[in-house]
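J.: Mind having a look at this structure? Questions to follow.
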Amino acid sequence: MPAELEPGGHESPEDAASPAHALELLCHLGPAAHGSTACVAWEPAGDGKRVISLADNHILLWDLQESSSQAVLASSASLEGKGQLKFTTGRWSPHHNCTQVATANDTAVRGWDTRTMSQIYCIESAHGQLVRDLDFNPNKQYYLASCGDDCRVKFWDTRNVTEPIKTLEEHSHWVWSVRYNHSHDQLVLTGSSDSRVILSNMVSISSEPFGHLVDDDDLSDQEERRPEEKSQEPPQDSVIATYEEHEDSVYAVDWSSADPWLFASLSYDGRLVINRVPRALKYHILL
């Protein structure tokens, strides 16, 4: 990106006097010999010199450190076995020093170690039909959300993938997208072919089970708690709001990177809708 438009730069994109800038090509990710690309994901931390791409049944790790016009393929792995061996999507975990990637193909979800490009877990039948999207909990290790054509959203603990820890069945058609809130991971967005966006409060499996960040050490001092706090029931998982501004399939939902209470959704007909978390819930979380 042009240096003057980066954070801390003196120029402002809103400045009418600023000249228009064209994006510069950083590098190519190589020829299409591996097949059609289904997903490209930047490393979520570090210097942004590593990229994962999924092409047909190949998972490819690219190193941009020494690249000029062509990215260097650092390592790769391939799907093996029966069934539909083509990746549909992937997600890089922000935890474990960014050494893990989750991928989806057909009804399966797999975890990969990028240091060895070996498979570390596999959920063979994560969904009854095609898995459409994945997202890691940004604040809680091992927690992964998936959604698919069986109209369900499932939450997994990747240390034990025999059963999901939670399942949502609020949508009536394919679920295309699932996203955790970057700051308050109890807030989960989903978009579906039923033309709806659903905002859920998954507080029971979040890092904020009592409305604020709680560590295990914080719970050891039981004698210091007031009696009313001891008897208070923890908040329950629930649907916060259903948004029906779209008239066609909602293919993507995402949270703002600047405002944790702002989110967007995009539907097949090209309609982009911006919404906010209800004010009452916002203050309930903050206070």
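Letters A, B, ... go to the chains of the structure tokens in the order shown; residues in each chain start at 1; ligands are counted from 1 in the same order.
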At a cut-off of 6 Å, using only C-alpha atoms, what residues contact Leu262 of chain A? Leave out same-chain residues fewer than 3 positions from it and give the result as a list in words.

T.: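 Returned residues: Ser256, Asp259, Asn275 and Arg276 of chain A.
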
J.: Find, counting only C-alpha atoms, the residue in A:Ile198, A:Cys39, A:Leu272, A:Ala74 that gets nearest to Thr116 of chain A.

T.: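 Smallest separation from Thr116 of chain A among the options: A:Ala74.
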
J.: Please identify which residues in segment 52-188 of chain A DSSP calls strand (DSSP E) from the backbone, and express them as JSON, numbers by chain.

T.: {"A": [52, 53, 54, 55, 58, 59, 60, 61, 62, 63, 72, 73, 74, 75, 76, 77, 78, 87, 88, 89, 90, 91, 92, 100, 101, 102, 103, 104, 105, 108, 109, 110, 111, 112, 113, 118, 119, 120, 121, 122, 123, 131, 132, 133, 134, 135, 136, 143, 144, 145, 146, 147, 148, 153, 154, 155, 156, 157, 166, 167, 168, 175, 176, 177, 178, 179, 180, 187, 188]}

J.: Give me, as a PyMOL selection string, all polymer residues having an atom no more than 8 Å from Cys98 of chain A, counting only C-alpha atoms and skipping those fewer than 4 positions away in the same chain.

T.: chain A and resi 43-45+92-94

J.: For all heavy atoms, I'd like the residues from the last selection saved as an mmCIF file, in the first residue's frame.

T.:
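Generated output (part.cif):
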data_model
loop_
_atom_site.group_PDB
_atom_site.id
_atom_site.type_symbol
_atom_site.label_atom_id
_atom_site.label_comp_id
_atom_site.auth_asym_id
_atom_site.auth_seq_id
_atom_site.Cartn_x
_atom_site.Cartn_y
_atom_site.Cartn_z
ATOM 1 N N GLU A 43 -0.876 -15.024 7.199
ATOM 2 C CA GLU A 43 -0.548 -15.342 8.583
ATOM 3 C C GLU A 43 -1.107 -14.231 9.471
ATOM 4 O O GLU A 43 -0.866 -13.042 9.205
ATOM 5 C CB GLU A 43 0.969 -15.432 8.730
ATOM 6 C CG GLU A 43 1.447 -15.798 10.113
ATOM 7 C CD GLU A 43 2.970 -15.828 10.188
ATOM 8 O OE1 GLU A 43 3.631 -15.276 9.283
ATOM 9 O OE2 GLU A 43 3.487 -16.402 11.155
ATOM 10 N N PRO A 44 -1.895 -14.565 10.527
ATOM 11 C CA PRO A 44 -2.586 -13.522 11.297
ATOM 12 C C PRO A 44 -1.682 -12.679 12.184
ATOM 13 O O PRO A 44 -2.110 -11.652 12.694
ATOM 14 C CB PRO A 44 -3.593 -14.319 12.141
ATOM 15 C CG PRO A 44 -3.026 -15.697 12.213
ATOM 16 C CD PRO A 44 -2.281 -15.933 10.943
ATOM 17 N N ALA A 45 -0.453 -13.109 12.405
ATOM 18 C CA ALA A 45 0.470 -12.321 13.231
ATOM 19 C C ALA A 45 1.837 -12.336 12.563
ATOM 20 O O ALA A 45 2.036 -12.967 11.526
ATOM 21 C CB ALA A 45 0.549 -12.889 14.640
ATOM 22 N N TRP A 92 -6.594 -19.670 9.258
ATOM 23 C CA TRP A 92 -5.339 -19.733 10.005
ATOM 24 C C TRP A 92 -5.633 -19.415 11.466
ATOM 25 O O TRP A 92 -6.259 -18.404 11.782
ATOM 26 C CB TRP A 92 -4.353 -18.712 9.445
ATOM 27 C CG TRP A 92 -2.916 -19.060 9.671
ATOM 28 C CD1 TRP A 92 -2.365 -19.514 10.817
ATOM 29 C CD2 TRP A 92 -1.854 -18.971 8.714
ATOM 30 N NE1 TRP A 92 -1.025 -19.713 10.646
ATOM 31 C CE2 TRP A 92 -0.678 -19.395 9.379
ATOM 32 C CE3 TRP A 92 -1.782 -18.573 7.382
ATOM 33 C CZ2 TRP A 92 0.564 -19.427 8.741
ATOM 34 C CZ3 TRP A 92 -0.551 -18.604 6.754
ATOM 35 C CH2 TRP A 92 0.612 -19.033 7.426
ATOM 36 N N SER A 93 -5.164 -20.274 12.392
ATOM 37 C CA SER A 93 -5.392 -20.037 13.818
ATOM 38 C C SER A 93 -4.486 -18.919 14.317
ATOM 39 O O SER A 93 -3.286 -18.910 14.021
ATOM 40 C CB SER A 93 -5.111 -21.313 14.621
ATOM 41 O OG SER A 93 -5.134 -21.031 16.014
ATOM 42 N N PRO A 94 -5.027 -17.972 15.116
ATOM 43 C CA PRO A 94 -4.196 -16.904 15.669
ATOM 44 C C PRO A 94 -3.394 -17.357 16.883
ATOM 45 O O PRO A 94 -2.604 -16.594 17.420
ATOM 46 C CB PRO A 94 -5.227 -15.833 16.063
ATOM 47 C CG PRO A 94 -6.463 -16.621 16.389
ATOM 48 C CD PRO A 94 -6.460 -17.805 15.453
#
